[in-house]
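**Q** What follows is model05.cif, made up of mmCIF, C-alpha atoms:
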```cif
data_structure
#
loop_
_atom_site.label_atom_id
_atom_site.label_comp_id
_atom_site.auth_asym_id
_atom_site.auth_seq_id
_atom_site.Cartn_x
_atom_site.Cartn_y
_atom_site.Cartn_z
CA MET A 1 89.57 81.38 101.12
CA LEU A 2 91.63 84.53 101.62
CA LYS A 3 90.90 86.30 104.89
CA ILE A 4 92.31 89.78 105.58
CA LYS A 5 92.18 91.17 109.11
CA SER A 6 93.21 94.75 108.30
CA TYR A 7 93.92 96.80 105.18
CA VAL A 8 96.39 99.69 105.02
CA LYS A 9 96.97 102.01 102.10
CA ALA A 10 100.60 102.89 102.72
CA GLU A 11 101.49 106.57 102.93
CA SER A 12 105.22 105.93 102.51
CA LEU A 13 107.59 103.15 101.55
CA GLN A 14 109.04 103.15 105.05
CA GLN A 15 105.59 102.56 106.52
CA ALA A 16 104.95 99.77 104.02
CA TYR A 17 108.31 98.18 104.82
CA GLU A 18 107.74 98.28 108.58
CA LEU A 19 104.25 96.78 108.27
CA ASN A 20 105.58 94.06 105.99
CA GLN A 21 108.07 92.76 108.55
CA LYS A 22 105.35 90.61 110.12
CA LYS A 23 105.24 87.18 108.53
CA THR A 24 101.46 87.32 108.30
CA ALA A 25 101.46 90.65 106.42
CA VAL A 26 101.41 90.79 102.63
CA ILE A 27 102.02 93.37 99.91
CA LEU A 28 99.07 93.61 97.53
CA GLY A 29 99.74 93.47 93.80
CA GLY A 30 96.88 92.95 91.40
CA MET A 31 95.25 90.33 93.67
CA VAL A 32 94.61 87.96 90.77
CA TRP A 33 96.75 85.17 92.23
CA LEU A 34 96.71 86.03 95.93
CA LYS A 35 92.93 85.86 96.17
CA MET A 36 92.98 82.25 94.96
CA GLY A 37 94.96 81.10 97.99
CA ASN A 38 93.76 79.80 101.31
CA ARG A 39 95.46 81.95 103.93
CA ARG A 40 94.94 84.44 106.73
CA VAL A 41 96.55 87.86 106.31
CA SER A 42 97.00 90.09 109.35
CA THR A 43 97.75 93.24 107.32
CA ALA A 44 97.22 93.76 103.60
CA ILE A 45 99.50 96.56 102.40
CA ASP A 46 98.42 98.60 99.38
CA LEU A 47 101.20 100.42 97.47
CA SER A 48 98.90 102.08 94.94
CA GLY A 49 99.31 105.56 96.46
CA LEU A 50 103.12 105.60 96.24
CA ASP A 51 103.61 106.51 92.56
CA LEU A 52 104.89 103.06 91.59
CA CYS A 53 102.78 102.65 88.46
CA GLY A 54 104.03 103.59 85.01
CA ILE A 55 106.76 103.11 82.42
CA GLN A 56 109.53 105.63 81.90
CA GLU A 57 111.82 105.41 78.89
CA ASP A 58 115.06 107.21 78.09
CA PRO A 59 117.89 106.40 75.64
CA GLU A 60 119.56 104.12 78.19
CA GLU A 61 116.78 102.15 79.88
CA PHE A 62 113.15 101.43 80.67
CA VAL A 63 112.05 101.93 84.28
CA ILE A 64 108.83 100.09 85.14
CA GLY A 65 106.99 100.63 88.43
CA CYS A 66 106.02 97.49 90.34
CA MET A 67 102.30 98.39 90.29
CA THR A 68 102.18 98.68 86.50
CA PRO A 69 99.55 96.32 84.98
CA LEU A 70 100.82 93.76 82.49
CA HIS A 71 98.57 95.12 79.76
CA ASP A 72 100.29 98.52 79.99
CA LEU A 73 103.58 96.82 79.15
CA GLU A 74 101.97 94.77 76.40
CA VAL A 75 100.83 97.87 74.48
CA HIS A 76 103.72 100.25 75.29
CA PRO A 77 105.17 101.42 71.93
CA GLY A 78 108.74 101.60 73.21
CA LEU A 79 108.71 98.10 74.67
CA LEU A 80 106.99 96.69 71.59
CA HIS A 81 109.69 98.18 69.36
CA TYR A 82 112.58 97.20 71.63
CA THR A 83 111.48 93.58 71.93
CA GLY A 84 110.40 93.29 68.31
CA GLY A 85 106.91 92.32 69.47
CA ALA A 86 108.15 89.58 71.83
CA ILE A 87 106.50 91.23 74.82
CA LYS A 88 103.10 91.07 73.12
CA GLU A 89 103.64 87.44 72.14
CA CYS A 90 104.53 86.66 75.74
CA PHE A 91 101.65 88.47 77.44
CA ARG A 92 98.82 87.69 75.00
CA HIS A 93 98.54 84.13 76.31
CA ILE A 94 98.02 85.19 79.94
CA VAL A 95 94.27 84.60 80.44
CA GLY A 96 92.73 87.75 78.90
CA VAL A 97 92.96 91.53 78.70
CA GLN A 98 90.76 92.04 81.78
CA PHE A 99 93.10 89.81 83.77
CA ARG A 100 96.20 91.60 82.45
CA ASN A 101 94.67 94.96 83.40
CA CYS A 102 94.71 93.75 87.02
CA ALA A 103 97.86 91.63 87.28
CA THR A 104 100.93 93.72 88.08
CA VAL A 105 104.48 93.22 86.86
CA GLY A 106 105.77 93.47 90.44
CA GLY A 107 103.53 90.68 91.64
CA SER A 108 104.51 88.51 88.69
CA ILE A 109 108.24 88.96 89.24
CA TRP A 110 108.24 88.87 93.05
CA GLY A 111 106.45 85.50 93.06
CA ARG A 112 109.18 83.78 90.98
CA TYR A 113 106.45 81.43 89.81
CA GLY A 114 107.51 78.32 87.94
CA PHE A 115 104.79 78.86 85.35
CA SER A 116 105.61 82.53 84.73
CA ASP A 117 105.76 83.73 81.11
CA VAL A 118 106.73 87.16 82.46
CA LEU A 119 109.81 85.92 84.30
CA THR A 120 111.00 83.99 81.24
CA LEU A 121 110.82 87.09 79.03
CA PHE A 122 112.52 89.51 81.42
CA LEU A 123 115.38 87.12 82.18
CA ALA A 124 116.26 87.16 78.48
CA MET A 125 117.00 90.89 78.66
CA ASP A 126 119.47 92.90 80.74
CA THR A 127 116.90 93.34 83.49
CA TRP A 128 117.50 94.56 87.03
CA VAL A 129 115.18 94.84 90.01
CA GLU A 130 115.17 97.72 92.49
CA LEU A 131 114.41 96.72 96.07
CA TYR A 132 113.58 99.18 98.84
CA LYS A 133 116.41 97.99 101.09
CA GLY A 134 118.42 95.80 98.72
CA GLY A 135 118.90 98.38 95.97
CA ARG A 136 119.44 97.40 92.33
CA ILE A 137 120.45 93.82 91.57
CA PRO A 138 120.30 91.74 88.37
CA LEU A 139 117.05 89.84 87.91
CA SER A 140 119.06 86.66 87.31
CA GLU A 141 120.48 87.03 90.83
CA PHE A 142 117.14 88.00 92.35
CA VAL A 143 115.35 84.84 91.16
CA SER A 144 117.87 82.69 93.04
CA MET A 145 117.45 84.55 96.33
CA GLU A 146 115.24 83.30 99.12
CA LYS A 147 112.12 85.41 99.60
CA ASP A 148 112.45 87.98 102.37
CA ARG A 149 110.42 90.93 103.66
CA ASP A 150 111.89 93.56 101.31
CA ILE A 151 109.71 95.41 98.75
CA LEU A 152 110.15 95.25 94.99
CA LEU A 153 109.84 98.81 93.68
CA ARG A 154 110.81 98.78 90.01
CA LEU A 155 112.14 96.79 87.09
CA ILE A 156 114.91 98.31 84.98
CA ILE A 157 115.66 97.10 81.46
CA ARG A 158 119.01 98.34 80.19
CA LYS A 159 118.82 98.90 76.46
CA LYS A 160 121.07 97.02 74.09
CA LYS A 161 120.91 96.41 70.36
CA THR A 162 119.28 93.03 70.43
CA LYS A 163 116.82 90.59 68.90
CA ILE A 164 114.39 88.65 71.07
CA CYS A 165 112.09 85.75 70.26
CA TYR A 166 109.50 84.40 72.70
CA LEU A 167 107.73 81.06 72.28
CA SER A 168 105.58 78.87 74.49
CA GLN A 169 103.65 75.62 74.28
CA ARG A 170 100.21 75.29 75.85
CA ASN A 171 97.72 72.46 75.89
CA THR A 172 94.86 74.97 75.59
CA LYS A 173 94.68 78.72 75.08
CA THR A 174 95.06 80.82 78.26
CA ASP A 175 96.17 77.76 80.27
CA PHE A 176 99.47 77.71 82.15
CA PRO A 177 102.30 76.88 79.73
CA VAL A 178 103.76 73.40 79.37
CA LEU A 179 107.08 75.09 78.55
CA THR A 180 108.29 78.61 77.80
CA CYS A 181 111.35 79.66 75.81
CA CYS A 182 112.86 83.07 75.17
CA ALA A 183 116.02 83.58 73.12
CA SER A 184 117.96 86.81 72.84
CA LYS A 185 121.14 87.95 71.13
CA ALA A 186 122.94 91.23 71.79
CA GLY A 187 126.23 91.21 69.90
CA GLU A 188 127.83 87.92 70.97
CA ASP A 189 125.84 87.83 74.23
CA VAL A 190 123.60 84.78 73.79
CA ARG A 191 120.82 83.90 76.21
CA THR A 192 118.25 81.14 76.13
CA VAL A 193 115.72 81.13 78.95
CA ILE A 194 113.60 78.05 79.61
CA GLY A 195 110.64 78.30 81.98
CA ALA A 196 107.68 76.21 83.16
CA ARG A 197 110.07 73.24 83.42
CA PRO A 198 107.83 73.14 85.63
CA GLY A 199 110.38 74.95 87.83
CA LYS A 200 111.10 78.67 87.61
CA ALA A 201 112.85 79.93 84.51
CA MET A 202 116.58 79.41 84.13
CA VAL A 203 119.12 81.17 81.90
CA LEU A 204 121.60 79.36 79.68
CA GLN A 205 124.20 81.00 77.50
CA ASP A 206 126.64 79.59 74.95
CA PRO A 207 129.81 78.54 76.81
CA GLU A 208 131.02 76.42 73.89
CA GLY A 209 130.57 79.23 71.36
CA ILE A 210 128.32 77.18 69.11
CA LEU A 211 126.43 80.26 67.91
CA LYS A 212 129.44 82.55 67.63
CA GLY A 213 129.21 84.53 64.40
CA LEU A 214 125.72 83.16 63.75
CA CYS A 215 124.58 86.00 61.50
CA ALA A 216 127.68 85.76 59.32
CA MET A 217 127.29 82.02 58.68
CA ASP A 218 126.00 80.67 55.41
CA PRO A 219 122.45 79.23 55.71
CA GLU A 220 123.47 75.57 55.94
CA LYS A 221 126.15 76.16 58.56
CA ARG A 222 123.76 78.37 60.53
CA LYS A 223 121.14 75.61 60.49
CA ASP A 224 123.68 73.06 61.76
CA ALA A 225 124.84 75.41 64.52
CA ILE A 226 121.29 76.02 65.69
CA HIS A 227 120.54 72.29 65.75
CA SER A 228 123.71 71.61 67.75
CA TYR A 229 122.96 74.40 70.21
CA SER A 230 119.34 73.26 70.65
CA ALA A 231 120.53 69.73 71.43
CA TRP A 232 123.02 71.12 73.96
CA ILE A 233 120.27 73.16 75.66
CA ALA A 234 118.02 70.10 75.90
CA GLN A 235 120.84 68.15 77.57
CA ASN A 236 121.46 70.90 80.13
CA VAL A 237 117.96 71.96 81.18
CA PRO A 238 116.50 69.90 84.04
CA VAL A 239 112.79 69.21 83.54
CA GLU A 240 110.17 67.23 85.42
CA SER A 241 106.69 65.81 84.85
CA ASN A 242 103.41 67.27 86.09
CA MET A 243 99.74 67.25 85.09
CA ARG A 244 100.46 69.28 81.94
CA GLY A 245 103.25 67.22 80.48
CA SER A 246 105.78 64.48 81.03
CA LYS A 247 109.51 64.91 81.56
CA GLU A 248 110.17 63.34 78.16
CA TYR A 249 107.71 65.66 76.40
CA ARG A 250 109.27 68.71 78.03
CA THR A 251 112.76 67.61 77.00
CA HIS A 252 111.52 67.34 73.43
CA LEU A 253 109.88 70.79 73.67
CA VAL A 254 113.08 72.37 74.99
CA GLN A 255 114.91 71.32 71.86
CA VAL A 256 112.08 72.20 69.46
CA LEU A 257 111.31 75.65 70.90
CA THR A 258 114.99 76.53 71.22
CA ARG A 259 115.57 75.59 67.59
CA ARG A 260 112.57 77.61 66.42
CA ALA A 261 113.55 80.65 68.48
CA TRP A 262 117.13 80.72 67.21
CA THR A 263 116.02 80.08 63.65
CA ASP A 264 113.91 83.23 63.99
CA ILE A 265 116.83 85.20 65.44
CA GLY A 266 119.45 83.99 62.97
CA GLY A 267 119.38 86.84 60.50
CA THR A 268 121.44 89.80 59.40
CA VAL A 269 121.92 93.20 61.01
CA ASN A 270 119.71 95.94 59.57
CA GLU A 271 120.49 99.65 59.16
CA ASN A 272 119.42 100.37 62.76
CA GLY A 273 121.86 97.87 64.19
CA PHE A 274 119.17 95.37 65.16
CA LEU A 275 119.21 91.78 64.01
CA ALA A 276 116.65 91.21 61.26
#
```
For this file, write the structure as structure tokens.
**A**
Amino acid sequence: MLKIKSYVKAESLQQAYELNQKKTAVILGGMVWLKMGNRRVSTAIDLSGLDLCGIQEDPEEFVIGCMTPLHDLEVHPGLLHYTGGAIKECFRHIVGVQFRNCATVGGSIWGRYGFSDVLTLFLAMDTWVELYKGGRIPLSEFVSMEKDRDILLRLIIRKKKTKICYLSQRNTKTDFPVLTCCASKAGEDVRTVIGARPGKAMVLQDPEGILKGLCAMDPEKRKDAIHSYSAWIAQNVPVESNMRGSKEYRTHLVQVLTRRAWTDIGGTVNENGFLA
């Protein structure tokens, strides 16, 4: 059971930061995961009055406040267009709309959860986090950092002409994923993100250049390249067993989902500069 001794609705980020320096204090997100734990919290810190909810878009980037509910991202026209619908495919499996109206993007990212669909998707893009004291750092760097007492304020997605495909495997609908996979291609920048290994998501690129010139290849050569790359990914992603799947099954899924994702991406460039 979660027990909270005192609740504070922060009036400033500095106040929230100072309160959060106690190890028994906690920043409140959407409370959908925190409330399931068994812990005692000395001070629960609410950021909802600090204008950290919402999505701003300009020609260069998306800026997403940490208190923004997942469902707001799921239905945002700009994000839907930019990701080619991948953000909807990612979020639609997370329990239900009521849940996603509560769960916040900040809570999802800050937790660096091994089962996180959200983390897998955002790592596939040029995503940065903005911390109150730490400033802006790449999300790929942030996920490797030890948790501290800083505050995650915003996510920043830097726009690039890209194509993204998100896939996951679940034993039942709305359950935690057995494995997640997100592939993205921006020019020759190739990223494949594998999550729910069951460890937190990791990013792999294409150091051997297997997919170089993918869209210009003839269909048979493209198919062979994707098969070779998928096999390479499966050899280089560490996976383990848990109650949802064995190590061997996950290794098989890594190769299958990677192949499917890159088969979806492997197309031609349309008139807008996006991969078809």
**Q** Could you tell me which residues the PyMOL selection byres ((chain A and resi 4) around 8) grabs in this file, written as a PyMOL selection string?
**A** chain A and resi 2-3+5-7+40-44
**Q** Selected by the PyMOL selection byres ((chain A and resi 200) around 10) in the shown coordinates: which residues, as a ChimeraX atom specification?
**A** /A:111-117,119-120,143-144,194-199,201-202
**Q** For A:Gln21, work out the shell of residues within 12 Å, counting all atoms listed in the file and skipping chain neighbours fewer than 6 positions away, then give it as an mmCIF file with C-alpha atoms, keeping the file's coordinate frame.
**A**
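And here's part-v3.cif as it stands now:
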```cif
data_model
loop_
_atom_site.group_PDB
_atom_site.id
_atom_site.type_symbol
_atom_site.label_atom_id
_atom_site.label_comp_id
_atom_site.auth_asym_id
_atom_site.auth_seq_id
_atom_site.Cartn_x
_atom_site.Cartn_y
_atom_site.Cartn_z
ATOM 1 C CA GLN A 14 109.040 103.150 105.050
ATOM 2 C CA GLN A 15 105.590 102.560 106.520
ATOM 3 C CA ILE A 27 102.020 93.370 99.910
ATOM 4 C CA SER A 42 97.000 90.090 109.350
ATOM 5 C CA THR A 43 97.750 93.240 107.320
ATOM 6 C CA ALA A 44 97.220 93.760 103.600
ATOM 7 C CA ILE A 45 99.500 96.560 102.400
ATOM 8 C CA ASP A 148 112.450 87.980 102.370
ATOM 9 C CA ARG A 149 110.420 90.930 103.660
ATOM 10 C CA ASP A 150 111.890 93.560 101.310
ATOM 11 C CA ILE A 151 109.710 95.410 98.750
#
```
**Q** Tell me which residues come within 7 Å of (120.1, 78.9, 74.0), as a list in words, counting all atoms listed in the file in the file's coordinates.
**A**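 Counting all atoms listed in the file, I find these residues within 7 Å of (120.1, 78.9, 74.0): Ala183, Val190, Arg191, Thr192, Val193, Leu204, Gln205, Asp206, Tyr229, Ser230, Ile233 and Thr258 of chain A.
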**Q** Within 6 Å of stretch 160-168 of chain A, counting all atoms listed in the file, which residues qualify if same-chain residues fewer than 4 places away don't, as a list in words?
**A**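 Surrounding residues, per the criterion: Thr83, Ala86, Leu179, Thr180, Cys181, Cys182, Ala183, Ser184, Lys185, Ala186, Ala261, Phe274 and Leu275 of chain A.
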**Q** For A:Lys35, which residue among A:Leu155, A:Ala103, A:Leu73, A:Val63 is the nearest when counting all atoms listed in the file?
**A**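 For A:Lys35, the nearest of the candidates is A:Ala103.
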**Q** Taking the file as shown, find all residues satisfying the PyMOL selection byres ((chain A and resi 87-94) around 8) and write them as JSON, numbers by chain.
**A** {"A": [70, 71, 73, 74, 75, 79, 80, 83, 84, 85, 86, 95, 96, 97, 99, 100, 117, 118, 121, 166, 167, 168, 173, 174, 175, 176]}
**Q** Which is closer to A:Cys102 than all the others in A:Gly54, A:Gly37, A:Pro69, A:Gly187, using all atoms listed in the file?
**A**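 Nearest candidate to A:Cys102 out of A:Gly54, A:Gly37, A:Pro69, A:Gly187: A:Pro69.
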**Q** What is the atom CA of A:Lys159 to atom CA of A:Met125 distance in Å?
**A** 8.5 Å
**Q** Calculate how many Å separate atom CA of A:Ser48 from atom CA of A:Val105, rounding to one decimal.
**A** 13.2 Å
**Q** In the coordinate frame of the file, compute which residues have an atom within 10 Å of (102.0, 99.0, 92.8) when using all atoms listed in the file, and state them as a PDB file with C-alpha atoms, keeping the file's coordinate frame.
**A**
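Output below, filename point_1.pdb:
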```
ATOM      1  CA  ILE A  27     102.020  93.370  99.910  1.00  0.00           C
ATOM      2  CA  LEU A  28      99.070  93.610  97.530  1.00  0.00           C
ATOM      3  CA  GLY A  29      99.740  93.470  93.800  1.00  0.00           C
ATOM      4  CA  GLY A  30      96.880  92.950  91.400  1.00  0.00           C
ATOM      5  CA  ASP A  46      98.420  98.600  99.380  1.00  0.00           C
ATOM      6  CA  LEU A  47     101.200 100.420  97.470  1.00  0.00           C
ATOM      7  CA  SER A  48      98.900 102.080  94.940  1.00  0.00           C
ATOM      8  CA  GLY A  49      99.310 105.560  96.460  1.00  0.00           C
ATOM      9  CA  LEU A  50     103.120 105.600  96.240  1.00  0.00           C
ATOM     10  CA  ASP A  51     103.610 106.510  92.560  1.00  0.00           C
ATOM     11  CA  LEU A  52     104.890 103.060  91.590  1.00  0.00           C
ATOM     12  CA  CYS A  53     102.780 102.650  88.460  1.00  0.00           C
ATOM     13  CA  GLY A  54     104.030 103.590  85.010  1.00  0.00           C
ATOM     14  CA  GLY A  65     106.990 100.630  88.430  1.00  0.00           C
ATOM     15  CA  CYS A  66     106.020  97.490  90.340  1.00  0.00           C
ATOM     16  CA  MET A  67     102.300  98.390  90.290  1.00  0.00           C
ATOM     17  CA  THR A  68     102.180  98.680  86.500  1.00  0.00           C
ATOM     18  CA  PRO A  69      99.550  96.320  84.980  1.00  0.00           C
ATOM     19  CA  THR A 104     100.930  93.720  88.080  1.00  0.00           C
ATOM     20  CA  VAL A 105     104.480  93.220  86.860  1.00  0.00           C
ATOM     21  CA  GLY A 106     105.770  93.470  90.440  1.00  0.00           C
ATOM     22  CA  GLY A 107     103.530  90.680  91.640  1.00  0.00           C
ATOM     23  CA  LEU A 152     110.150  95.250  94.990  1.00  0.00           C
ATOM     24  CA  LEU A 153     109.840  98.810  93.680  1.00  0.00           C
ATOM     25  CA  ARG A 154     110.810  98.780  90.010  1.00  0.00           C
TER      26      ARG A 154
END
```
**Q** Which neighbours of stretch 133-140 of chain A fall inside 8 Å, counting all atoms listed in the file, when residues of the same chain fewer than 2 positions from it are skipped, and could you give them as a PDB file with C-alpha atoms, in the coordinates of the input?
**A**
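Printed below is part.pdb as written:
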```
ATOM      1  CA  PHE A 122     112.520  89.510  81.420  1.00  0.00           C
ATOM      2  CA  LEU A 123     115.380  87.120  82.180  1.00  0.00           C
ATOM      3  CA  ASP A 126     119.470  92.900  80.740  1.00  0.00           C
ATOM      4  CA  THR A 127     116.900  93.340  83.490  1.00  0.00           C
ATOM      5  CA  TRP A 128     117.500  94.560  87.030  1.00  0.00           C
ATOM      6  CA  VAL A 129     115.180  94.840  90.010  1.00  0.00           C
ATOM      7  CA  GLU A 130     115.170  97.720  92.490  1.00  0.00           C
ATOM      8  CA  LEU A 131     114.410  96.720  96.070  1.00  0.00           C
ATOM      9  CA  PHE A 142     117.140  88.000  92.350  1.00  0.00           C
ATOM     10  CA  VAL A 143     115.350  84.840  91.160  1.00  0.00           C
ATOM     11  CA  SER A 144     117.870  82.690  93.040  1.00  0.00           C
ATOM     12  CA  ASP A 150     111.890  93.560 101.310  1.00  0.00           C
ATOM     13  CA  ILE A 151     109.710  95.410  98.750  1.00  0.00           C
ATOM     14  CA  VAL A 203     119.120  81.170  81.900  1.00  0.00           C
TER      15      VAL A 203
END
```
**Q** Quick one: pull the distance between atom CA of A:Glu248 and atom CA of A:Ser108, Å, one decimal.
**A**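 So the two atoms, atom CA of A:Glu248 and atom CA of A:Ser108, lie 27.9 Å apart.
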